[in-house]
file upload-v6.txt (compact mmCIF, C-alpha atoms)
# COMPACT_ATOMS: atom_id res chain seq x y z
CA MET A 200 145.20 168.09 69.67
CA LEU A 201 146.68 169.21 72.96
CA GLN A 202 150.29 170.27 72.80
CA ALA A 203 152.70 169.16 75.50
CA ASP A 204 153.73 172.73 76.32
CA GLU A 205 150.19 173.71 77.37
CA GLN A 206 150.47 171.87 80.69
CA LYS A 207 152.87 170.10 82.99
CA GLU A 208 152.31 166.49 83.87
CA ARG A 209 153.97 164.87 86.85
CA MET A 210 153.80 161.46 88.44
CA PHE A 211 154.52 161.15 92.14
CA PHE A 212 153.63 159.19 95.26
CA PHE A 213 151.82 160.48 98.32
CA SER A 214 150.85 158.68 101.53
CA ASN A 215 147.39 158.06 102.89
CA LYS A 216 146.80 158.21 106.64
CA ARG A 217 147.64 154.50 106.99
CA GLY A 218 151.06 155.20 105.48
CA THR A 219 150.29 153.48 102.17
CA ASP A 220 151.97 154.98 99.12
CA LEU A 221 149.43 156.07 96.51
CA LEU A 222 150.35 156.87 92.94
CA GLY A 223 149.29 160.34 91.86
CA PHE A 224 149.39 161.90 88.43
CA LEU A 225 149.06 165.67 88.33
CA HIS A 226 148.00 167.63 85.26
CA GLN A 227 149.06 171.15 86.09
CA PRO A 228 148.14 173.95 83.66
CA LEU A 229 151.08 176.14 82.71
CA THR A 230 148.93 179.21 83.13
CA ARG A 231 146.47 178.77 85.95
CA LYS A 232 143.37 180.61 84.83
CA ARG A 233 141.14 179.26 87.57
CA ASP A 234 141.38 178.67 91.30
CA VAL A 235 139.76 175.27 90.96
CA GLY A 236 141.22 171.78 91.13
CA ILE A 237 139.67 168.52 90.04
CA VAL A 238 140.27 165.16 91.73
CA TYR A 239 139.42 162.07 89.70
CA CYS A 240 138.16 158.78 91.18
CA HIS A 241 138.65 155.79 88.92
CA PRO A 242 136.29 152.87 88.36
CA PHE A 243 136.66 149.36 89.79
CA ALA A 244 138.80 146.53 88.42
CA GLU A 245 139.08 146.18 84.63
CA GLU A 246 136.86 149.22 84.01
CA LYS A 247 139.79 151.30 85.28
CA ASN A 248 142.10 149.98 82.58
CA CYS A 249 139.56 150.12 79.75
CA SER A 250 138.70 153.76 80.50
CA HIS A 251 142.26 155.00 80.95
CA ALA A 252 142.75 156.59 77.53
CA VAL A 253 139.52 158.59 77.63
CA VAL A 254 140.16 159.73 81.19
CA VAL A 255 143.64 160.97 80.32
CA LYS A 256 142.25 162.86 77.32
CA ALA A 257 139.63 164.47 79.55
CA ALA A 258 142.17 165.38 82.25
CA ARG A 259 144.36 167.04 79.62
CA ALA A 260 141.38 168.93 78.20
CA PHE A 261 140.48 170.20 81.69
CA ALA A 262 144.09 171.23 82.37
CA LYS A 263 144.25 173.06 79.05
CA GLU A 264 141.33 175.17 80.27
CA GLY A 265 143.24 176.08 83.42
CA TYR A 266 142.12 173.45 85.95
CA ALA A 267 144.65 171.44 87.92
CA VAL A 268 143.68 167.78 87.78
CA LEU A 269 144.85 164.97 90.06
CA ARG A 270 144.33 161.37 89.02
CA PHE A 271 145.40 158.74 91.54
CA ASP A 272 145.23 155.01 92.16
CA LEU A 273 143.22 153.88 95.17
CA SER A 274 145.20 151.67 97.56
CA GLY A 275 145.39 148.07 96.40
CA THR A 276 144.79 149.10 92.77
CA GLY A 277 146.99 150.15 89.86
CA ASP A 278 150.46 151.19 90.97
CA SER A 279 149.51 152.14 94.52
CA ALA A 280 150.68 149.94 97.37
CA GLY A 281 148.44 147.39 99.08
CA ASP A 282 146.43 144.37 98.02
CA LEU A 283 142.91 144.70 96.65
CA GLU A 284 141.68 141.80 98.77
CA ASP A 285 142.51 143.73 101.97
CA MET A 286 140.65 146.93 101.04
CA THR A 287 137.25 148.32 102.00
CA ILE A 288 135.19 151.24 100.75
CA ASP A 289 135.93 153.16 103.97
CA MET A 290 139.67 152.83 103.28
CA TRP A 291 139.14 154.21 99.79
CA GLN A 292 137.15 157.11 101.22
CA ASP A 293 140.21 157.92 103.32
CA ASP A 294 142.39 157.70 100.20
CA LEU A 295 140.13 160.18 98.45
CA ALA A 296 140.32 162.60 101.38
CA CYS A 297 144.14 162.40 101.20
CA ALA A 298 144.08 162.98 97.45
CA ILE A 299 141.97 166.12 97.94
CA ASN A 300 144.43 167.47 100.51
CA THR A 301 147.34 166.56 98.24
CA LEU A 302 145.92 168.50 95.30
CA LYS A 303 145.20 171.48 97.53
CA ALA A 304 148.80 171.44 98.77
CA GLU A 305 150.41 170.76 95.39
CA SER A 306 148.47 173.44 93.53
CA ASP A 307 147.67 175.91 96.29
CA ILE A 308 143.96 175.90 95.57
CA LYS A 309 140.93 175.79 97.83
CA VAL A 310 138.05 174.94 95.52
CA ILE A 311 137.79 171.25 94.69
CA VAL A 312 135.57 169.48 92.17
CA LEU A 313 135.29 165.70 92.41
CA TRP A 314 135.07 163.80 89.15
CA GLY A 315 134.40 160.09 88.94
CA LEU A 316 133.48 157.31 86.56
CA ARG A 317 131.21 154.34 87.44
CA PHE A 318 132.28 153.07 90.90
CA GLY A 319 134.54 156.10 91.28
CA ALA A 320 131.60 158.44 90.66
CA ALA A 321 129.59 156.82 93.43
CA LEU A 322 132.60 156.96 95.75
CA ALA A 323 133.05 160.66 95.01
CA VAL A 324 129.41 161.53 95.69
CA LYS A 325 129.44 159.49 98.89
CA HIS A 326 132.51 161.40 100.01
CA HIS A 327 130.80 164.72 99.53
CA SER A 328 127.70 163.66 101.43
CA GLU A 329 129.96 162.98 104.40
CA SER A 330 132.44 165.86 104.19
CA GLN A 331 130.59 168.80 102.57
CA GLU A 332 133.82 170.37 101.38
CA ILE A 333 133.39 169.90 97.66
CA ALA A 334 132.20 172.64 95.29
CA ALA A 335 130.74 170.37 92.61
CA HIS A 336 130.68 166.86 91.16
CA ILE A 337 131.21 165.44 87.72
CA VAL A 338 129.49 162.08 87.71
CA TRP A 339 130.12 159.90 84.66
CA HIS A 340 127.79 156.92 84.22
CA PRO A 341 127.67 156.12 87.93
CA ILE A 342 126.87 152.65 89.22
CA SER A 343 123.36 152.67 90.61
CA ASN A 344 124.47 151.39 94.02
CA PHE A 345 127.43 149.58 95.59
CA LYS A 346 125.47 146.49 96.58
CA ASP A 347 124.17 145.59 93.14
CA TYR A 348 127.44 146.50 91.53
CA ILE A 349 129.57 144.06 93.52
CA LYS A 350 127.05 141.32 92.78
CA GLN A 351 127.29 142.11 89.06
CA PHE A 352 131.05 142.00 89.39
CA LEU A 353 131.08 138.57 91.03
CA ARG A 354 128.67 137.33 88.40
CA GLN A 355 131.40 137.73 85.80
CA SER A 356 133.00 134.52 86.96
CA ILE A 357 129.72 132.75 86.14
CA ASN A 358 129.64 134.45 82.76
CA THR A 359 133.04 133.00 81.89
CA GLU A 360 131.60 129.51 81.99
CA LEU A 361 128.48 130.65 80.20
CA ALA A 362 130.54 132.08 77.34
CA ASN A 363 132.10 128.67 76.90
CA ALA A 364 128.62 127.12 76.81
CA ILE A 365 129.39 125.16 79.96
CA SER A 366 126.45 124.27 82.17
CA THR A 367 127.60 125.96 85.32
CA LYS A 368 126.97 124.90 88.88
CA LYS A 369 128.09 128.33 90.02
CA SER A 370 125.60 130.87 91.27
CA LEU A 371 125.92 134.11 93.12
CA GLY A 372 124.78 132.32 96.25
CA VAL A 373 127.55 129.75 95.93
CA LEU A 374 130.16 132.48 95.42
CA VAL A 375 128.95 134.43 98.46
CA GLU A 376 129.06 131.24 100.58
CA LYS A 377 132.69 130.79 99.57
CA LEU A 378 133.47 134.35 100.63
CA GLU A 379 131.72 133.83 103.94
CA ARG A 380 133.82 130.71 104.53
CA GLY A 381 136.92 132.87 104.22
CA GLU A 382 137.87 131.88 100.67
CA VAL A 383 139.33 134.42 98.28
CA LEU A 384 137.54 134.66 94.93
CA ASP A 385 139.52 135.30 91.77
CA VAL A 386 137.34 137.27 89.37
CA PHE A 387 139.28 137.87 86.15
CA GLY A 388 142.47 138.16 88.20
CA TYR A 389 140.96 140.49 90.83
CA LEU A 390 141.06 138.88 94.26
CA ILE A 391 137.98 139.53 96.38
CA ARG A 392 137.67 138.72 100.06
CA GLU A 393 134.57 138.84 102.27
CA LYS A 394 135.66 142.09 103.93
CA LEU A 395 135.65 143.99 100.63
CA TYR A 396 132.38 142.38 99.52
CA ALA A 397 130.72 143.23 102.84
CA SER A 398 131.85 146.85 102.61
CA PHE A 399 130.06 147.17 99.26
CA LEU A 400 126.89 145.67 100.75
CA ALA A 401 127.03 148.08 103.69
CA ALA A 402 127.70 151.25 101.68
CA ASP A 403 124.79 153.63 101.24
CA THR A 404 123.33 154.26 97.81
CA TRP A 405 124.65 157.53 96.50
CA SER A 406 122.25 160.44 96.20
CA THR A 407 122.09 163.92 94.75
CA GLN A 408 120.58 165.19 97.98
CA ASN A 409 122.73 167.24 100.39
CA ASN A 410 125.22 167.84 97.62
CA GLY A 411 126.32 170.85 95.62
CA PRO A 412 125.90 171.20 91.86
CA MET A 413 126.37 167.99 89.95
CA PHE A 414 126.83 167.06 86.31
CA ILE A 415 125.57 163.55 85.66
CA ALA A 416 126.22 161.92 82.29
CA SER A 417 125.20 158.54 80.94
CA VAL A 418 126.81 157.04 77.87
CA SER A 419 125.32 154.34 75.68
CA PRO A 420 124.98 153.62 71.96
CA PHE A 421 121.19 153.99 72.19
CA THR A 422 119.23 157.21 71.87
CA ARG A 423 117.07 156.08 74.79
CA ALA A 424 118.86 156.69 78.08
CA PRO A 425 119.55 153.61 80.25
CA HIS A 426 116.70 152.56 82.51
CA THR A 427 118.45 153.47 85.77
CA PHE A 428 118.92 157.05 84.58
CA ARG A 429 115.34 157.34 83.33
CA LYS A 430 114.16 156.08 86.71
CA PHE A 431 116.51 158.44 88.53
CA GLN A 432 115.00 161.38 86.65
CA ASP A 433 111.47 160.18 87.45
CA ASP A 434 112.36 159.73 91.12
CA THR A 435 113.77 163.25 91.39
CA ASP A 436 110.97 164.83 89.37
CA GLY A 437 109.31 167.51 91.45
CA LEU A 438 112.23 167.77 93.85
CA LYS A 439 114.53 170.76 93.87
CA LYS A 440 117.12 169.77 91.30
CA ASN A 441 120.77 170.38 92.01
CA TYR A 442 122.02 168.43 89.02
CA ASP A 443 122.20 168.63 85.26
CA TYR A 444 121.86 165.43 83.32
CA GLU A 445 123.05 164.61 79.81
CA HIS A 446 122.70 161.37 77.91
CA ILE A 447 125.53 160.97 75.42
CA VAL A 448 124.93 158.63 72.49
CA ALA A 449 128.33 156.99 72.13
CA GLU A 450 130.07 153.71 72.76
CA PRO A 451 130.86 153.00 76.43
CA PHE A 452 134.61 153.15 76.99
CA TRP A 453 134.92 151.45 80.41
CA ASP A 454 133.65 147.96 79.62
CA ARG A 455 135.65 147.21 76.48
CA TYR A 456 138.99 147.95 74.93
CA GLY A 457 139.25 149.87 71.68
CA VAL A 458 137.22 152.98 72.51
CA TRP A 459 139.91 155.58 73.01
CA ASN A 460 137.92 158.82 72.96
CA SER A 461 134.55 160.22 73.92
CA PRO A 462 134.71 163.79 72.64
CA GLU A 463 131.09 164.79 73.18
CA LEU A 464 131.23 163.65 76.80
CA ILE A 465 134.45 165.58 77.42
CA ASP A 466 133.20 168.73 75.67
CA LYS A 467 129.87 168.78 77.49
CA THR A 468 131.57 168.19 80.82
CA LEU A 469 134.00 171.02 80.22
CA ASP A 470 131.20 173.37 79.18
CA TRP A 471 129.37 172.53 82.40
CA ILE A 472 132.37 173.12 84.65
CA LYS A 473 133.09 176.48 83.04
CA GLU A 474 129.47 177.48 83.49
CA GLU A 475 128.85 176.19 87.01
CA VAL A 476 132.11 176.34 88.93
CA MET B 256 108.77 139.99 64.05
CA SER B 257 107.92 141.83 67.27
CA ASP B 258 109.27 145.26 68.16
CA LEU B 259 110.86 143.75 71.24
CA SER B 260 112.75 141.18 69.20
CA LEU B 261 114.04 143.97 66.96
CA GLU B 262 115.13 145.94 70.02
CA VAL B 263 116.98 142.91 71.42
CA LYS B 264 118.78 142.58 68.08
CA GLU B 265 119.69 146.24 68.15
CA VAL B 266 121.14 145.88 71.66
CA ILE B 267 123.13 142.81 70.57
CA LEU B 268 124.46 144.50 67.42
CA LYS B 269 125.55 147.60 69.32
CA THR B 270 127.02 145.75 72.28
CA ILE B 271 128.97 142.76 71.05
CA PRO B 272 131.10 141.99 68.01
CA THR B 273 128.81 139.84 65.84
CA GLY B 274 130.60 140.56 62.60
CA MET B 275 127.24 141.65 61.16
CA SER B 276 126.08 145.20 60.69
CA ARG B 277 122.34 144.43 60.43
CA ASP B 278 119.74 141.74 59.75
CA LEU B 279 120.77 139.48 62.58
CA PRO B 280 118.90 136.19 62.01
CA ASP B 281 116.81 134.72 64.84
CA ASP B 282 118.90 131.56 64.85
CA PHE B 283 122.22 133.44 65.03
CA LYS B 284 124.34 131.55 67.52
CA LEU B 285 125.68 133.72 70.32
CA LEU B 286 127.65 131.26 72.42
CA GLY B 287 130.81 129.97 70.85
CA GLU B 288 130.53 132.51 68.04
CA ALA B 289 130.05 136.05 69.23
CA LEU B 290 130.41 135.92 72.99
CA ASP B 291 133.47 135.77 75.16
CA SER B 292 133.17 136.31 78.91
CA MET B 293 133.55 140.09 78.71
CA ALA B 294 130.98 140.25 75.91
CA VAL B 295 128.54 138.10 77.92
CA THR B 296 128.87 140.49 80.84
CA ASN B 297 128.42 143.55 78.64
CA LEU B 298 125.42 142.03 76.86
CA ILE B 299 123.69 141.14 80.14
CA LEU B 300 124.27 144.64 81.51
CA ALA B 301 123.20 146.32 78.27
CA ILE B 302 119.95 144.35 78.15
CA GLU B 303 119.24 145.02 81.81
CA GLU B 304 119.91 148.74 81.37
CA TYR B 305 117.96 149.04 78.12
CA PHE B 306 114.83 147.15 79.19
CA GLY B 307 114.94 147.84 82.94
CA ILE B 308 114.92 144.14 83.81
CA GLU B 309 117.19 141.98 85.94
CA PHE B 310 118.54 138.54 85.14
CA ASP B 311 118.44 135.95 87.93
CA ASP B 312 121.08 133.28 88.43
CA ASP B 313 118.68 130.76 86.92
CA ASP B 314 118.51 132.81 83.72
CA LEU B 315 122.23 132.60 83.07
CA THR B 316 122.21 129.33 81.17
CA ALA B 317 123.72 128.18 77.91
CA GLU B 318 120.19 127.46 76.63
CA VAL B 319 119.04 131.06 77.14
CA PHE B 320 122.11 132.57 75.52
CA GLU B 321 122.37 130.02 72.72
CA THR B 322 120.69 132.10 70.00
CA VAL B 323 119.14 135.50 69.41
CA SER B 324 115.72 133.88 69.50
CA SER B 325 116.17 132.12 72.85
CA LEU B 326 117.50 135.31 74.44
CA SER B 327 114.63 137.37 73.01
CA GLN B 328 112.11 134.96 74.50
CA LEU B 329 113.53 135.39 77.99
CA VAL B 330 113.69 139.18 77.65
CA ALA B 331 110.05 139.22 76.47
CA SER B 332 108.91 137.18 79.46
CA LYS B 333 110.76 139.46 81.86
CA VAL B 334 109.50 142.66 80.24
CA ASN B 335 105.93 141.32 80.36
CA ALA B 336 106.37 140.33 84.02
CA THR B 337 107.47 143.85 84.98
CA GLY B 338 104.43 145.27 83.22
call {"tool": "encode", "arguments": {"input": "upload-v6.txt", "output": "structure tokens"}}
result
Amino acid sequence: MLQADEQKERMFFFSNKRGTDLLGFLHQPLTRKRDVGIVYCHPFAEEKNCSHAVVVKAARAFAKEGYAVLRFDLSGTGDSAGDLEDMTIDMWQDDLACAINTLKAESDIKVIVLWGLRFGAALAVKHHSESQEIAAHIVWHPISNFKDYIKQFLRQSINTELANAISTKKSLGVLVEKLERGEVLDVFGYLIREKLYASFLAADTWSTQNNGPMFIASVSPFTRAPHTFRKFQDDTDGLKKNYDYEHIVAEPFWDRYGVWNSPELIDKTLDWIKEEV
Amino acid sequence: MSDLSLEVKEVILKTIPTGMSRDLPDDFKLLGEALDSMAVTNLILAIEEYFGIEFDDDDLTAEVFETVSSLSQLVASKVNATG
């Protein structure tokens, strides 16, 4: 168990380039053993809340090993200013760039590792492809691509009726038509507008190419890795590999409440950072 | 019982709260018993990820998700279609 005196934790606000206040949470090691900082990108919507406990445990474990860690809320999410319905992926890319600069300034470090979960992992890898300033990536169970992910997300409002055994007239097509007409969709309390949906459709699929070293982890209760990760390995077979991949057999912690730790995932991630960065 | 049906049961048992640890019967009712909206979403994603298939809008019906058996039949048809 991590003791409170092994690190300092501080909550603060910083501004993005649009002047929006973003909530930051800094895990600062008391004794900085390494000149490396880690910026965390959270997942989308409810996955952010479900995964919070595990992410905090991981951030504390990284700080205990001497890494400064910055967690922050993207604009329009959590306790940062702004409304989700007004956001786009490009705006969140800008937020991430500001978070990187903030950690550099707060901790006086130059080497940055980006760490993300699900949507946040894809956002982090996309950022690196465009900026080339990141030393490494920690990629936890990334979404396969932005386009399919937002469709899966919208589909949840259909699933609500399905769970109640109601014959639904809803379909993804109907939901998209509503967005295109300018309506705001309420998906489990998350308001989605066409601009945000369109930005997911337009965003490139993330890739390991043109990136530095990467640790990719999938998590599922099955010994067989999820299909998208098996396919990803097949697709990159024969190419020069710049990533290490681990499949962790454990309960997912981002799509349900009640899973408060993922020790093997945290330990293997930490081992990788210490080895590679 | 086919291997695929057993695999579907394993995915269900490990993904949603059925209140059963094993031996899920074919006629076990999913809707109204085991599935709320979050569980439906998780089950769909878990099946898609495990089998490498994709559900269409037309597949998301109360009839398909009524029992373990009806869900297994759809998964089998999709797995066979993808070869």
call {"tool": "interface_residues", "arguments": {"input": "upload-v6.txt", "of": "chain B", "to": "chain A", "cutoff": "6 Å", "atoms": "only C-alpha atoms", "output": "short mmCIF file (atom, residue, chain, number, x, y, z; two decimals) with C-alpha atoms, in the frame of the given file"}}
result
data_model
loop_
_atom_site.label_atom_id
_atom_site.label_comp_id
_atom_site.auth_asym_id
_atom_site.auth_seq_id
_atom_site.Cartn_x
_atom_site.Cartn_y
_atom_site.Cartn_z
CA LEU B 286 127.65 131.26 72.42
CA LEU B 290 130.41 135.92 72.99
CA ASP B 291 133.47 135.77 75.16
CA SER B 292 133.17 136.31 78.91
CA GLU B 304 119.91 148.74 81.37
CA TYR B 305 117.96 149.04 78.12
CA GLY B 307 114.94 147.84 82.94
CA ASP B 312 121.08 133.28 88.43
CA ALA B 317 123.72 128.18 77.91
#
call {"tool": "residues_around", "arguments": {"input": "upload-v6.txt", "residues": "Lys264 (chain B)", "least_positions_apart": "4", "cutoff": "10 Å", "atoms": "only C-alpha atoms", "output": "short mmCIF file (atom, residue, chain, number, x, y, z; two decimals) with C-alpha atoms, in the coordinates of the input"}}
result
data_model
loop_
_atom_site.label_atom_id
_atom_site.label_comp_id
_atom_site.auth_asym_id
_atom_site.auth_seq_id
_atom_site.Cartn_x
_atom_site.Cartn_y
_atom_site.Cartn_z
CA ASP B 258 109.27 145.26 68.16
CA LEU B 259 110.86 143.75 71.24
CA SER B 260 112.75 141.18 69.20
CA LEU B 268 124.46 144.50 67.42
CA LYS B 269 125.55 147.60 69.32
CA THR B 270 127.02 145.75 72.28
CA ARG B 277 122.34 144.43 60.43
CA ASP B 278 119.74 141.74 59.75
CA LEU B 279 120.77 139.48 62.58
CA PRO B 280 118.90 136.19 62.01
CA ASP B 281 116.81 134.72 64.84
CA VAL B 323 119.14 135.50 69.41
CA SER B 324 115.72 133.88 69.50
CA LEU B 326 117.50 135.31 74.44
CA SER B 327 114.63 137.37 73.01
#
call {"tool": "atom_distance", "arguments": {"input": "upload-v6.txt", "atom1": "CA of Pro272 (chain B)", "atom2": "CA of Ile465 (chain A)"}}
result
25.6 Å
call {"tool": "axis_aligned_box", "arguments": {"input": "upload-v6.txt", "around": "region 276-290 of chain B", "padding_each_side": "5 Å", "output": "JSON"}}
result
{"center_x": 123.8, "center_y": 137.6, "center_z": 66.4, "size_x": 24.0, "size_y": 25.2, "size_z": 23.2}
call {"tool": "atom_distance", "arguments": {"input": "upload-v6.txt", "atom1": "CA of Pro341 (chain A)", "atom2": "CA of Thr287 (chain A)"}}
result
18.7 Å
call {"tool": "closest_residue", "arguments": {"input": "upload-v6.txt", "among": "B:Phe283, B:Glu265, B:Asn335, B:Gly274", "to": "Glu321 (chain B)", "atoms": "all atoms listed in the file"}}
result
B:Phe283
call {"tool": "residues_around", "arguments": {"input": "upload-v6.txt", "residues": "Val383 (chain A)", "least_positions_apart": "2", "cutoff": "9 Å", "atoms": "all atoms listed in the file", "output": "list in words"}}
result
Glu284, Lys377, Leu378, Gly381, Asp385, Leu390, Ile391, Arg392 and Glu393 of chain A
call {"tool": "residues_around", "arguments": {"input": "upload-v6.txt", "residues": "region 466-472 of chain A", "least_positions_apart": "3", "cutoff": "12 Å", "atoms": "only C-alpha atoms", "output": "PyMOL selection string"}}
result
chain A and resi 233+235-237+256-266+311-315+334-339+412-417+442-447+460-463+475-476
call {"tool": "atom_distance", "arguments": {"input": "upload-v6.txt", "atom1": "CA of Glu376 (chain A)", "atom2": "CA of Asp285 (chain A)"}}
result
18.4 Å
call {"tool": "residues_around", "arguments": {"input": "upload-v6.txt", "residues": "Ile302 (chain B)", "least_positions_apart": "4", "cutoff": "10 Å", "atoms": "only C-alpha atoms", "output": "ChimeraX atom specification"}}
result
/A:425-426 /B:262-263,266-267,270,297-298,306-310,330
call {"tool": "closest_residue", "arguments": {"input": "upload-v6.txt", "among": "A:Val310, A:Val268, A:Val373, A:Met290", "to": "Gly223 (chain A)", "atoms": "only C-alpha atoms"}}
result
A:Val268
call {"tool": "closest_residue", "arguments": {"input": "upload-v6.txt", "among": "B:Lys284, B:Lys333, B:Val319, B:Gln328", "to": "Glu303 (chain B)", "atoms": "only C-alpha atoms"}}
result
B:Lys333
call {"tool": "closest_residue", "arguments": {"input": "upload-v6.txt", "among": "B:Leu329, B:Thr273, B:Leu315, B:Ala301", "to": "Gly287 (chain B)", "atoms": "only C-alpha atoms"}}
result
B:Thr273
call {"tool": "closest_residue", "arguments": {"input": "upload-v6.txt", "among": "A:Ala304, A:Leu353, A:Lys346, A:Pro242", "to": "Tyr389 (chain A)", "atoms": "only C-alpha atoms"}}
result
A:Leu353
